[in-house]
Amino acid sequence: MLMSWGAPRASVAFLFIGGPHQVFHTAPVAAELSRDGDVRVDCLHADPDSGALIERVVDWTDADDLQVAPLDRPWLADALAGLSGRTSASKLPLLAANRRRLADYDAIVVPERTSAALKRMGVTRPRLIHFRHGAGDRAPASEARLNQFDLVVVPGEKDRRRALGHAVTPDRLAVGGYVKLDLMARAGAAPRPLFGNGRPTVLYNPHFDRGRGSWDGLGHAVISAFAAQDRYNLVIAPHIRLFEDAGDAERAAIEALAVPDRIRIDLGSEASVDMTYTLGADIYLGDMSSQVYEFLARPRPCAFLDAHGVAWRDDPRYACWHLGEVASAPGDILAAVGRAVAAQPLRLACQRLALLDAFGPATRGAARRSADIVRSAIGLDSPAAAPVRAAS
C-alpha cells in the first residue's frame, strides 16, 4: 500500500507478558511487519529473557526498524508474584500499569490470553489480536477467552476447529501457519548431537500442568530408569513454566541428578525454547506439551507417560498419544521407548497427517502470511513482495 506523503504510520504493539517460550511464536511476525516500512512496530516485554530472545529475532531477520522495549513494571506486579509464589500473578498488574500506553496503538498482538483483560481495563480502540503459541492438544480453561479477541490467528486447521468450538466466528479467525518453525528454518536451525557418545538420545519434556503432566508422578522414575541403563542418553527439558517458581534449593536438587555424558537436565535455558532439544533428540518422551509437534516436524519415535490413569483413548486432549506408545508404570518406561522405536515405521503416516492438521501444508512463509493478516486487520493492503533475506 502506498502511503501519502506525511501520512501518519499505523502502529502495532506486540506484547510479551507470558515468558520467553512465547517469543518465537509472534516476534517473527513483528519483524516482518516492521520491514514493510508503513507500520511502526513495537515489541514490549515483561522480562529481560524475553527481551533477549526478541533481539535474537531482530538479528536473524534483519529487522532493524523493530523497536524493543520493556513494559513499565509496577511494584504491585512483583509484590503479588512474591506473595503468591507465582510469576504469572504479575500479569494483570502489568497490563493495568501499561493500559494508557497500549491504548494509543492501532492493534495489539498477544501470544497469550490474559491480555483479553485489556478490554475490561478500557483499552478498546486497538484491535486485540491473539496468536496461539504452540499447537498442542491440551484444552486449558483459558481457551474460553478466545471469543473476547477481535481476531484469533491459529497455525492450522486443528486449532481453527477448536476456536470455532469456543464461539469464535469465522470472520474473526485466520490461519497463518506455525511461525516458530518458519523462523527456525530461516535461522538455519538444524539437528546437532546432544552427546558425543553415539547413543540415541531421549528427550523427556514434561508439561507444567501438574494435574495432567507426568513430572510429579513419574519424573524421578524416569531419571532412575535411564540412570540404570546404558542404551540411551537422556535430556530432561521440561516446559519452561514447570520450574519457573521453584526456589534455588529445589532446582539445585534436581540438577544434581544429572549424569555426565548420559543425563542432561535443563530447567529453563534458551536451549529449552529454541528447538535445540526437539531438533537434536532421537526419541520423544512426554505427556501434554505441544513441543511434541515441534519434535514431529521431523517424524521420529514418541512415547508418553500417563501418570494419572486417564481414559485417554477417546479424549481429544490426548490426541498426540495415538502417535506413539503410552506407559503408566515406572517399570514400563524404558519398554515403551523401545516399543516406540520398533513401531515407528507403522506410525509415520499418522504422524504426518497430524502435522498437516496442526501446522498446515506450508510452514515456510508463516511469518509473512501472519504479518499480512495483521495488516488486513488494521485496514492495510499487503505490501509489494520483498526479497527474503538470509539469517545473519
# chains A, B, ... in the order shown; residues from 1 in each chain; ligands from 1

call {"tool": "residues_around", "arguments": {"residues": "Val153 of chain A", "least_positions_apart": "5", "cutoff": "7 Å", "atoms": "only C-alpha atoms", "output": "list in words"}}
result
His130, Phe131, Arg132, Leu173, Ala174, Val175 and Gly176 of chain A

call {"tool": "write_last_selection", "arguments": {"atoms": "C-alpha atoms", "output": "PDB file, in the first residue's frame"}}
result
ATOM      1  CA  HIS A 130      -4.420 -13.285  19.644  1.00  0.00           C
ATOM      2  CA  PHE A 131      -1.860 -15.683  18.157  1.00  0.00           C
ATOM      3  CA  ARG A 132      -1.858 -19.203  19.537  1.00  0.00           C
ATOM      4  CA  LEU A 173     -10.457 -16.396  12.599  1.00  0.00           C
ATOM      5  CA  ALA A 174      -7.402 -16.723  10.380  1.00  0.00           C
ATOM      6  CA  VAL A 175      -4.891 -19.499   9.699  1.00  0.00           C
ATOM      7  CA  GLY A 176      -1.297 -18.295   9.423  1.00  0.00           C
TER       8      GLY A 176
END

call {"tool": "residues_around", "arguments": {"residues": "Arg161 of chain A", "least_positions_apart": "4", "cutoff": "12 Å", "atoms": "only C-alpha atoms", "output": "JSON, numbers by chain"}}
result
{"A": [137, 152, 154, 155, 156, 157, 165, 166, 167, 168, 169, 170, 173, 174, 175, 357, 358]}

call {"tool": "write_last_selection", "arguments": {"atoms": "all heavy atoms", "output": "short mmCIF file (atom, residue, chain, number, x, y, z; two decimals), in the first residue's frame"}}
result
data_model
loop_
_atom_site.label_atom_id
_atom_site.label_comp_id
_atom_site.auth_asym_id
_atom_site.auth_seq_id
_atom_site.Cartn_x
_atom_site.Cartn_y
_atom_site.Cartn_z
N ASP A 137 -2.62 -30.36 22.11
CA ASP A 137 -4.00 -30.85 22.20
C ASP A 137 -4.66 -30.50 23.53
O ASP A 137 -5.88 -30.60 23.65
CB ASP A 137 -4.01 -32.37 22.02
CG ASP A 137 -3.36 -32.79 20.71
OD1 ASP A 137 -3.72 -32.22 19.68
OD2 ASP A 137 -2.47 -33.67 20.74
N VAL A 152 -8.44 -13.94 16.01
CA VAL A 152 -7.66 -15.06 16.53
C VAL A 152 -6.92 -15.69 15.35
O VAL A 152 -7.56 -16.09 14.37
CB VAL A 152 -8.56 -16.10 17.22
CG1 VAL A 152 -7.74 -17.32 17.65
CG2 VAL A 152 -9.26 -15.48 18.43
N VAL A 154 -4.46 -18.73 14.18
CA VAL A 154 -4.04 -20.07 14.61
C VAL A 154 -3.10 -20.66 13.56
O VAL A 154 -3.10 -20.24 12.40
CB VAL A 154 -5.26 -20.99 14.82
CG1 VAL A 154 -6.11 -20.50 15.97
CG2 VAL A 154 -6.08 -21.12 13.55
N PRO A 155 -2.29 -21.66 13.95
CA PRO A 155 -1.35 -22.23 12.99
C PRO A 155 -1.98 -23.11 11.93
O PRO A 155 -1.52 -23.14 10.78
CB PRO A 155 -0.37 -23.02 13.86
CG PRO A 155 -1.09 -23.27 15.14
CD PRO A 155 -2.03 -22.12 15.33
N GLY A 156 -3.02 -23.89 12.29
CA GLY A 156 -3.55 -24.85 11.33
C GLY A 156 -5.02 -25.14 11.57
O GLY A 156 -5.68 -24.55 12.44
N GLU A 157 -5.53 -26.10 10.81
CA GLU A 157 -6.96 -26.39 10.84
C GLU A 157 -7.41 -26.98 12.19
O GLU A 157 -8.55 -26.78 12.61
CB GLU A 157 -7.33 -27.35 9.71
CG GLU A 157 -7.32 -26.68 8.34
CD GLU A 157 -8.32 -25.53 8.28
OE1 GLU A 157 -9.45 -25.68 8.79
OE2 GLU A 157 -7.97 -24.47 7.72
N GLY A 165 -15.28 -23.89 18.09
CA GLY A 165 -16.00 -24.51 19.20
C GLY A 165 -16.10 -23.63 20.43
O GLY A 165 -16.89 -23.90 21.33
N HIS A 166 -15.30 -22.56 20.48
CA HIS A 166 -15.36 -21.61 21.58
C HIS A 166 -16.06 -20.32 21.15
O HIS A 166 -15.79 -19.25 21.70
CB HIS A 166 -13.95 -21.30 22.09
CG HIS A 166 -13.36 -22.41 22.91
ND1 HIS A 166 -13.74 -22.67 24.21
CD2 HIS A 166 -12.43 -23.35 22.61
CE1 HIS A 166 -13.07 -23.71 24.68
NE2 HIS A 166 -12.26 -24.14 23.73
N ALA A 167 -16.94 -20.44 20.19
CA ALA A 167 -17.80 -19.33 19.76
C ALA A 167 -17.03 -18.20 19.07
O ALA A 167 -17.50 -17.08 19.02
CB ALA A 167 -18.62 -18.78 20.93
N VAL A 168 -15.85 -18.49 18.55
CA VAL A 168 -15.16 -17.52 17.71
C VAL A 168 -15.75 -17.65 16.31
O VAL A 168 -15.70 -18.73 15.70
CB VAL A 168 -13.64 -17.78 17.68
CG1 VAL A 168 -12.94 -16.73 16.82
CG2 VAL A 168 -13.07 -17.76 19.10
N THR A 169 -16.30 -16.58 15.80
CA THR A 169 -16.96 -16.63 14.50
C THR A 169 -15.92 -16.70 13.38
O THR A 169 -14.80 -16.20 13.53
CB THR A 169 -17.86 -15.41 14.30
OG1 THR A 169 -17.08 -14.21 14.47
CG2 THR A 169 -18.99 -15.41 15.32
N PRO A 170 -16.27 -17.31 12.24
CA PRO A 170 -15.30 -17.48 11.15
C PRO A 170 -14.67 -16.17 10.68
O PRO A 170 -13.50 -16.16 10.27
CB PRO A 170 -16.13 -18.13 10.04
CG PRO A 170 -17.21 -18.86 10.75
CD PRO A 170 -17.55 -18.00 11.94
N LEU A 173 -11.45 -15.32 12.58
CA LEU A 173 -10.46 -16.40 12.60
C LEU A 173 -9.59 -16.34 11.35
O LEU A 173 -10.08 -16.07 10.25
CB LEU A 173 -11.16 -17.75 12.64
CG LEU A 173 -11.30 -18.46 13.98
CD1 LEU A 173 -12.14 -19.72 13.81
CD2 LEU A 173 -9.94 -18.82 14.55
N ALA A 174 -8.31 -16.63 11.52
CA ALA A 174 -7.40 -16.72 10.38
C ALA A 174 -6.37 -17.80 10.66
O ALA A 174 -5.99 -18.04 11.81
CB ALA A 174 -6.71 -15.39 10.12
N VAL A 175 -5.92 -18.46 9.60
CA VAL A 175 -4.89 -19.50 9.70
C VAL A 175 -3.61 -18.95 9.09
O VAL A 175 -3.58 -18.58 7.92
CB VAL A 175 -5.33 -20.79 8.97
CG1 VAL A 175 -4.21 -21.83 9.00
CG2 VAL A 175 -6.60 -21.36 9.60
N ASP A 357 -2.50 -31.36 9.99
CA ASP A 357 -3.65 -30.78 10.66
C ASP A 357 -3.23 -29.67 11.62
O ASP A 357 -3.93 -28.67 11.78
CB ASP A 357 -4.39 -31.88 11.43
CG ASP A 357 -5.82 -31.50 11.79
OD1 ASP A 357 -6.44 -30.70 11.06
OD2 ASP A 357 -6.33 -32.00 12.81
N ALA A 358 -2.08 -29.85 12.26
CA ALA A 358 -1.62 -28.86 13.25
C ALA A 358 -1.00 -27.64 12.60
O ALA A 358 -1.23 -26.50 13.04
CB ALA A 358 -0.61 -29.52 14.19
#

call {"tool": "residues_around", "arguments": {"residues": "segment 26-34 of chain A", "least_positions_apart": "5", "cutoff": "9 Å", "atoms": "only C-alpha atoms", "output": "PyMOL selection string"}}
result
chain A and resi 12-14+39-43+53-54+57-58+61-67+109-111+131-133+179-180+182-183+366-372+374-375

call {"tool": "select_by_dssp", "arguments": {"residues": "segment 135-317 of chain A", "states": "alpha helix (DSSP H)", "output": "PyMOL selection string"}}
result
chain A and resi 157-165+179-186+220-227+248-255+276-280+291-295

call {"tool": "closest_atom_pairs", "arguments": {"of": "segment 72-134 of chain A", "to": "segment 45-50 of chain A", "cutoff": "10 Å", "atoms": "only C-alpha atoms", "output": "Markdown table"}}
result
| residue | atom | partner | partner_atom | distance |
| --- | --- | --- | --- | --- |
| A:Asp72 | CA | A:Ala46 | CA | 8.1 |
| A:Arg73 | CA | A:Ala46 | CA | 7.5 |
| A:Ser90 | CA | A:Ala46 | CA | 9.3 |
| A:Lys91 | CA | A:Ala46 | CA | 8.7 |
| A:Leu94 | CA | A:Ala46 | CA | 7.8 |
| A:Leu95 | CA | A:Ala46 | CA | 9.9 |

call {"tool": "atom_distance", "arguments": {"atom1": "atom CA of Ala190 of chain A", "atom2": "atom CA of Ala362 of chain A"}}
result
18.3 Å

call {"tool": "closest_residue", "arguments": {"among": "A:Ser289, A:Gln22, A:Asn147, A:Thr87", "to": "Glu270 of chain A", "atoms": "only C-alpha atoms"}}
result
A:Gln22

call {"tool": "closest_residue", "arguments": {"among": "A:Ile373, A:Ala135, A:Met121, A:Met288", "to": "Lys158 of chain A", "atoms": "only C-alpha atoms"}}
result
A:Ala135

call {"tool": "select_by_dssp", "arguments": {"residues": "segment 93-307 of chain A", "states": "strand (DSSP E or B)", "output": "NGL selection string"}}
result
:A and (107-110 or 127-131 or 151-154 or 173-175 or 201-205 or 233-236 or 259 or 263-265 or 283-286 or 302-305)

call {"tool": "atom_distance", "arguments": {"atom1": "atom CA of Leu118 of chain A", "atom2": "atom CA of Arg241 of chain A"}}
result
23.3 Å

call {"tool": "residues_around", "arguments": {"residues": "Ile236 of chain A", "least_positions_apart": "6", "cutoff": "12 Å", "atoms": "only C-alpha atoms", "output": "PyMOL selection string"}}
result
chain A and resi 194+201-207+215+219-220+222-223+226+242+254-255+257-259+262-269+271-272+277-278+281+284-286

call {"tool": "write_last_selection", "arguments": {"atoms": "C-alpha atoms", "output": "mmCIF file, in the first residue's frame"}}
result
data_model
loop_
_atom_site.group_PDB
_atom_site.id
_atom_site.type_symbol
_atom_site.label_atom_id
_atom_site.label_comp_id
_atom_site.auth_asym_id
_atom_site.auth_seq_id
_atom_site.Cartn_x
_atom_site.Cartn_y
_atom_site.Cartn_z
ATOM 1 C CA LEU A 194 23.393 -33.557 22.140
ATOM 2 C CA THR A 201 19.067 -39.565 22.865
ATOM 3 C CA VAL A 202 15.646 -39.425 24.503
ATOM 4 C CA LEU A 203 14.123 -36.021 25.257
ATOM 5 C CA TYR A 204 11.899 -36.043 28.355
ATOM 6 C CA ASN A 205 9.648 -32.976 28.130
ATOM 7 C CA PRO A 206 7.074 -32.925 30.953
ATOM 8 C CA HIS A 207 4.386 -30.244 30.927
ATOM 9 C CA TRP A 215 6.670 -34.949 36.460
ATOM 10 C CA GLY A 219 9.596 -37.785 36.785
ATOM 11 C CA HIS A 220 12.022 -39.298 39.271
ATOM 12 C CA VAL A 222 12.312 -41.597 34.518
ATOM 13 C CA ILE A 223 15.649 -40.455 35.913
ATOM 14 C CA PHE A 226 17.704 -44.104 32.499
ATOM 15 C CA LEU A 242 7.248 -26.180 35.287
ATOM 16 C CA ILE A 254 17.036 -31.764 40.580
ATOM 17 C CA GLU A 255 20.039 -30.569 38.578
ATOM 18 C CA LEU A 257 20.674 -35.791 39.369
ATOM 19 C CA ALA A 258 22.421 -35.200 36.024
ATOM 20 C CA VAL A 259 24.995 -37.786 34.974
ATOM 21 C CA ARG A 262 24.479 -39.670 29.985
ATOM 22 C CA ILE A 263 21.772 -37.472 31.554
ATOM 23 C CA ARG A 264 21.465 -33.718 30.967
ATOM 24 C CA ILE A 265 18.976 -31.614 32.954
ATOM 25 C CA ASP A 266 17.868 -28.201 31.675
ATOM 26 C CA LEU A 267 15.173 -26.482 33.727
ATOM 27 C CA GLY A 268 14.757 -23.441 31.506
ATOM 28 C CA SER A 269 17.684 -22.181 29.429
ATOM 29 C CA ALA A 271 18.033 -24.243 24.576
ATOM 30 C CA SER A 272 14.736 -25.405 26.043
ATOM 31 C CA TYR A 277 16.457 -30.434 22.022
ATOM 32 C CA THR A 278 13.472 -31.125 19.784
ATOM 33 C CA ALA A 281 16.904 -35.770 20.127
ATOM 34 C CA TYR A 284 10.475 -38.025 22.454
ATOM 35 C CA LEU A 285 9.130 -38.845 25.926
ATOM 36 C CA GLY A 286 6.446 -36.577 27.316
#

call {"tool": "closest_residue", "arguments": {"among": "A:Arg347, A:Arg231, A:Arg192, A:Arg138", "to": "Asp315 of chain A", "atoms": "only C-alpha atoms"}}
result
A:Arg138

call {"tool": "residues_around", "arguments": {"residues": "Asp306 of chain A", "least_positions_apart": "3", "cutoff": "12 Å", "atoms": "only C-alpha atoms", "output": "JSON, numbers by chain"}}
result
{"A": [206, 211, 212, 213, 214, 215, 216, 217, 218, 219, 285, 286, 287, 288, 303, 309, 310, 311, 312, 313, 318, 321, 325, 326, 327, 328, 329, 330, 332, 333, 336]}

call {"tool": "atom_distance", "arguments": {"atom1": "atom CA of Asp36 of chain A", "atom2": "atom CA of Tyr178 of chain A"}}
result
20.7 Å

call {"tool": "residues_around", "arguments": {"residues": "Ile108 of chain A", "least_positions_apart": "3", "cutoff": "8 Å", "atoms": "only C-alpha atoms", "output": "list in words"}}
result
Val12, Ala13, Phe14, Leu15, Leu102, Tyr105, Pro126, Arg127, Leu128 and Ile129 of chain A
